[in-house]
Structure formats: structure tokens, C-alpha cells
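**Student:** Please find one structure pasted underneath; my questions will follow.
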Amino acid sequence: MATQSTLRVGIPSPGPSFRGAFASRDFSLLFFGQLSSEFGNGVIQLALPLLVLRLTGSALQLGAAYFFFFLPVLLFGLVGGVFVDRWDRRLTIVIVDAIRAAAFLSVAVIYYRDGLTVTHLYAVIFLESTLQNFFNPARAALMPNLVRRDDLRAANSLMEVTRHIGFLIAPPLGGVLSAALGPAAIFLVDGVSFLVSSASVFFIRWRQPPREQEQADGWVHRMRIVAAQSVQGLAVIVRSRVLQVAVLIGVSLNVIIAPIQVLLPLFVKNVKEAGDEYFALLVAGLLLGLILGSLAAPTTARRLGLGRMTIVAVIILGAAVAAAAWPPSLWPPVVAMLIAGVCIGSLNVAQTTMLQSSTTDEERGRVSASYFTATVGVRPLSFLAMGALASAVDIRFLFVALGLIAVAIGAVLWRLPEVRDHH
């Protein structure tokens, strides 16, 4: 395995492959660790609402739980990347996953002793979301250190697949666990999955080289350093058109595309007059497309170029969303969701690769943190806005409007040669 401290945009050799990524022992450890933790993440999406409702029976409390989940992204998102660039990113992942394991295991243990309160649950939710602000940029920054540059797209593709497999497999299994042992059992599974991830990453052999760090003279000076380095991460994005495009696409997906999950249940019930089985079929089509798109992204990018693949995916995604709601039969929306998933999977791989390949090793954590903060931070507001619009506007018109906006973004990107010709 060859490590790389600085990555710049270049023409890949014709031979990047999944096999090449797995040839790195360190990447294989990271992959299998993340496969475990992403399964746990998928399970927790089911456990959270079930447990809050069982403890409180209140829809307001459920909304508060999701509020506490998203709040740390806005509070600590930029700061997390600064510390990731200062700390050993491998050990950061190990420690974060170990803390998350202890937190989720505590929920299960206290629940079975009949001592769990909603306050404790909120605290764990807040802690988990806070730790993600360190985990996500650390993982994104670590990836290029574990694989050859030519295999980076394949490695990002495989990482993206772990996330989608977790969300595909975990909910049905979590439902069985919840029915048999209660929702707290899901937190027990999640805690174990984070322990597996922490142990797997611990055995990675790569070691971060020593770096010169500005020494702080007291807490006030330390806070000033953190603030200045957070601004530096934003400045890197401002100077690079490719990074700007990656952030633009990420924000667009979370503002325009992600809220469709709010519209889908309403679409199934009010437009198609179908049941839960049809909703599950739409979600399955989307998840299958995400996996296929993630796996196909390295080959597609090699043939078209990373920039052209990105633009084409944005345009096709917009067209699929715009067309999904109008056909009278049930199957066209399923096909549209499959196509949308393929495009989103490709875009996720493209965005991650753009971020990693257009930054130095010393600044990659801060840039990744800025990206995650901007993209995930807008999601609660977009969900809220879409919920309000859905109560006042025909859902089919919303699908068309969102799709056309995505097509327009793709058309603008095509006019930027530094994006269109990016390899």
C-alpha cells in the first residue's frame, strides 16, 4: 500500500478497481468496520422514534428528539474539522466509536432496569450527533491515506455502499428485534456495532506523521486559533471552483432532493391511493439504485470524466424526479426512484472524491467539515419548508418544480469548463 499525503486533480490510470482498494489491508479494516457501524446507524433510525414514543407518547417530544439530533451539526460542524486536522484521524475514529458504543449500550442497560428517562435519551442523541462532527471529516480525511490515488474513487464507492446496505438491511431486522425484545434491544445492537468498528479501525497500521501545530497560550488564544482555522477551511473552498461545485451539489441534494422523503408518504396516500407496501417498494427502488449507482461510479467516471458524470447525473436526476409523479400507473414512479437512486449514488461518490482530491492532507479535515456542515445543516429547514408546501400545493407540481430546478443546476454546471472537463 502506498500512502499519499497530498492529492491533486489528475488523469487516472486505466486500472482502478475494487480489488485494488481491497488490496490495502488498512482500507479493508476501515471498510468492514464501517459496514458494521452503518448497519447500526440504519437500525437506530428505526429505534429512535419507537423508543421516544414508548417513553412519552408525544409527537412533540419526537420532534424535539430530531431537533437535538440536528442541532450539533450547526453548533460544532466547522470546529470538528479543525480538531481532526490537528489530531490523529485514525485514533479519532477509534475513540469516537468507542464513546458511541458506551452511550448506546447505556441506553439499553438503563432501559431494561426500568430507569431510562427521555432526558437521558436526548443526551445520548445530542452526544451521538456531536461526535459525528468529528467522525465524518476524520473518515473522509483518512481515506486517501489508505489507498492509491487511482483506487480512491473505487474506495469511496465501496464506502458509500456500506451506508446504503446498512439502511437496506437494518430496518427489517430492527423491526423483528423491536417486536421481540423492545426498541432498547436495537440500541444494544447499535452499541455492539460501534465496538466492532472501533476495534477494526484500531488495527489499521497507517500512522499519521507529526505536524507542526501553533501552540496556544491559554484558552482564549486556543479559541482564536480554532476560529481562525475554521475560517481557513472555508477559504479553501472559496478559492477552488471544483470544491464550490461539490458543496453546491451537496446543498442542492439536501434542499431539493432529500425532502422528497417527506413527500413520498403523502404521494402514496393521496395521489396513488396505495398502501404501505407500495411505499416500501418505492423506498426499495431508491435504495437499490443508490447501491448500483455507487458501484458504477468509478467506471462511469473513468469513461466520462468525473465532471461530466456529475453533470449528467444531476440532469438525469432532475428529469426522473420531475416525471415520477404524473404517470397514472404504479410502476413508473418505482422506475423513477431507481433512476434517482443511481444518480444520487454516483453524485455522492463524485462529491467525496472532489473534496479529497482537491485538498492537501493538512486541510482535508477542515474542508470536509465545512462540506458536512453546509449540506447536512440545511436539511432540517428544507424538510420543514417542504412539509409546509405539501399542505398548500399539489404534490405532483412540487415533484416537477424540484426536478426542473435540478435540471437547471446541471445546465449551469455544463457551462463551467473547469467542472465539465474535471477528471
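To be explicit about the labels: the chains of the C-alpha cells are called A, B, and onward in the order shown, and within each one the residues are counted from 1, while ligands get numbers from 1 in the order they are shown.
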Can you pull out every residue within 9 Å of Val312 in chain A, counting only C-alpha atoms, but drop anything in the same chain fewer than 6 positions away, and send it as a compact mmCIF listing (two decimals) with N, CA and C atoms, in the first residue's frame?
**Tutor:**
# COMPACT_ATOMS: atom_id res chain seq x y z
N CYS A 343 -28.45 7.94 -9.76
CA CYS A 343 -27.83 9.26 -9.91
C CYS A 343 -27.28 9.78 -8.59
N GLY A 410 -27.82 21.45 -13.36
CA GLY A 410 -26.96 20.70 -14.27
C GLY A 410 -26.58 21.50 -15.49
N TRP A 414 -22.77 22.64 -16.71
CA TRP A 414 -22.22 22.30 -18.03
C TRP A 414 -21.50 23.50 -18.66
**Student:** Would you list the contacts of Gly293 in chain A as a PDB file with N, CA and C atoms, in the first residue's frame, taking every protein, DNA or RNA residue within 9 Å and counting only C-alpha atoms, but skipping same-chain residues closer than 6 positions in sequence?
**Tutor:**
ATOM      1  N   SER A 157     -16.585   4.602  -3.487  1.00  0.00           N
ATOM      2  CA  SER A 157     -17.773   3.873  -3.920  1.00  0.00           C
ATOM      3  C   SER A 157     -18.133   2.781  -2.921  1.00  0.00           C
ATOM      4  N   ILE A 339     -33.920   5.131 -10.858  1.00  0.00           N
ATOM      5  CA  ILE A 339     -33.022   6.001 -11.622  1.00  0.00           C
ATOM      6  C   ILE A 339     -32.467   7.109 -10.733  1.00  0.00           C
ATOM      7  N   GLY A 341     -32.023   6.991  -7.555  1.00  0.00           N
ATOM      8  CA  GLY A 341     -31.036   6.400  -6.664  1.00  0.00           C
ATOM      9  C   GLY A 341     -29.694   6.202  -7.336  1.00  0.00           C
ATOM     10  N   VAL A 342     -29.708   5.722  -8.585  1.00  0.00           N
ATOM     11  CA  VAL A 342     -28.455   5.553  -9.333  1.00  0.00           C
ATOM     12  C   VAL A 342     -27.718   6.893  -9.449  1.00  0.00           C
ATOM     13  N   CYS A 343     -28.445   7.939  -9.758  1.00  0.00           N
ATOM     14  CA  CYS A 343     -27.830   9.261  -9.911  1.00  0.00           C
ATOM     15  C   CYS A 343     -27.284   9.782  -8.587  1.00  0.00           C
ATOM     16  N   ILE A 344     -28.049   9.638  -7.511  1.00  0.00           N
ATOM     17  CA  ILE A 344     -27.604  10.129  -6.210  1.00  0.00           C
ATOM     18  C   ILE A 344     -26.378   9.353  -5.732  1.00  0.00           C
ATOM     19  N   GLY A 345     -26.376   8.034  -5.942  1.00  0.00           N
ATOM     20  CA  GLY A 345     -25.202   7.247  -5.573  1.00  0.00           C
ATOM     21  C   GLY A 345     -23.956   7.709  -6.303  1.00  0.00           C
ATOM     22  N   SER A 346     -24.084   7.972  -7.603  1.00  0.00           N
ATOM     23  CA  SER A 346     -22.950   8.468  -8.381  1.00  0.00           C
ATOM     24  C   SER A 346     -22.496   9.832  -7.884  1.00  0.00           C
ATOM     25  N   LEU A 347     -23.454  10.703  -7.565  1.00  0.00           N
ATOM     26  CA  LEU A 347     -23.127  12.050  -7.099  1.00  0.00           C
ATOM     27  C   LEU A 347     -22.428  12.018  -5.748  1.00  0.00           C
ATOM     28  N   VAL A 349     -20.463   9.697  -4.547  1.00  0.00           N
ATOM     29  CA  VAL A 349     -19.072   9.299  -4.781  1.00  0.00           C
ATOM     30  C   VAL A 349     -18.290  10.443  -5.408  1.00  0.00           C
TER      31      VAL A 349
END
**Student:** Using backbone DSSP assignments, extract all helix (DSSP H, G or I) residues from range 97-342 of chain A; output them as an MDAnalysis selection string.
**Tutor:** chainID A and resid 97:112 118:146 149:181 184:202 219:239 241:257 260:271 276:304 306:324 331:342
**Student:** I'd like to know which of A:Leu55, A:Ala340, A:Leu404, A:Leu121 is closest to Ile291 in chain A, using only C-alpha atoms.
**Tutor:**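 Looking only at the distances to Ile291 in chain A, the closest residue turns out to be A:Ala340.
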**Student:** Please, what distance in Å, to one decimal, runs between CA of Ala320 in chain A and CA of Leu264 in chain A?
**Tutor:** 14.2 Å
**Student:** When distances are computed from only C-alpha atoms, which of A:Gly166, A:Pro210, A:Pro137, A:Gly318 shows the smallest separation from Glu363 in chain A?
**Tutor:**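 Of A:Gly166, A:Pro210, A:Pro137, A:Gly318, the one nearest Glu363 in chain A, counting only C-alpha atoms, is A:Pro137.
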**Student:** Residues at most 8 Å from Asp190 in chain A, counting only C-alpha atoms, excluding those fewer than 4 positions away in the same chain, as a PyMOL selection string?
**Tutor:** chain A and resi 37+39-41+43-44+101+104-105+186+194
**Student:** A:Leu75, A:Ala411, A:Met354, A:Leu287: which is nearest Arg163 in chain A, counting only C-alpha atoms?
**Tutor:**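 Using only C-alpha atoms, the shortest distance to Arg163 in chain A belongs to A:Leu287.
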**Student:** Nearest to Arg113 in chain A: which of A:Ala184, A:Leu263, A:Ala228, A:Gln244 is it, counting only C-alpha atoms?
**Tutor:**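 Between A:Ala184, A:Leu263, A:Ala228, A:Gln244, the residue approaching Arg113 in chain A most closely is A:Ala184.
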**Student:** Counting only C-alpha atoms, figure out which residue out of A:Met386, A:Leu295, A:Ile315, A:Leu304 gets nearest to His164 in chain A.
**Tutor:** A:Leu295
**Student:** So that I can check the surroundings of range 250-256 of chain A, please list as an NGL selection string every protein, DNA and RNA residue that reaches within 6 Å of it, counting only C-alpha atoms and ignoring chain neighbours fewer than 4 positions away.
**Tutor:** :A and (375 or 379 or 382 or 402)
**Student:** Store the residues picked out above in a file with C-alpha atoms, as a tab-separated table (two decimals), in the first residue's frame.
**Tutor:**
chain	number	residue	atom	x	y	z
A	375	THR	CA	-25.02	20.14	3.40
A	379	ARG	CA	-31.71	19.56	5.83
A	382	SER	CA	-35.68	22.05	3.87
A	402	LEU	CA	-37.86	20.26	-7.70
**Student:** Using only C-alpha atoms, which of the listed residues (A:Thr352, A:Thr117, A:Ser230, A:Ser129) sits closest to Ala297 in chain A?
**Tutor:**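 The answer is A:Thr352, which sits nearest to Ala297 in chain A.
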**Student:** Please identify all polymer residues within 9 Å of Lys272 in chain A, counting only C-alpha atoms, omitting same-chain residues fewer than 6 positions from it, and present them as a PDB file with N, CA and C atoms, in the first residue's frame.
**Tutor:**
ATOM      1  N   PRO A 328     -50.109   7.572 -14.638  1.00  0.00           N
ATOM      2  CA  PRO A 328     -51.214   7.072 -13.810  1.00  0.00           C
ATOM      3  C   PRO A 328     -50.975   5.702 -13.190  1.00  0.00           C
ATOM      4  N   SER A 329     -50.111   4.890 -13.789  1.00  0.00           N
ATOM      5  CA  SER A 329     -49.898   3.544 -13.249  1.00  0.00           C
ATOM      6  C   SER A 329     -48.900   3.585 -12.091  1.00  0.00           C
ATOM      7  N   LEU A 330     -48.717   2.443 -11.426  1.00  0.00           N
ATOM      8  CA  LEU A 330     -47.882   2.394 -10.232  1.00  0.00           C
ATOM      9  C   LEU A 330     -46.399   2.202 -10.518  1.00  0.00           C
TER      10      LEU A 330
END
**Student:** Would you mind listing what lies within 8 Å of range 235-242 of chain A as a ChimeraX atom specification, with only C-alpha atoms counted and same-chain residues fewer than 4 positions away left out?
**Tutor:** /A:231,246,354,358-359,367,418-419
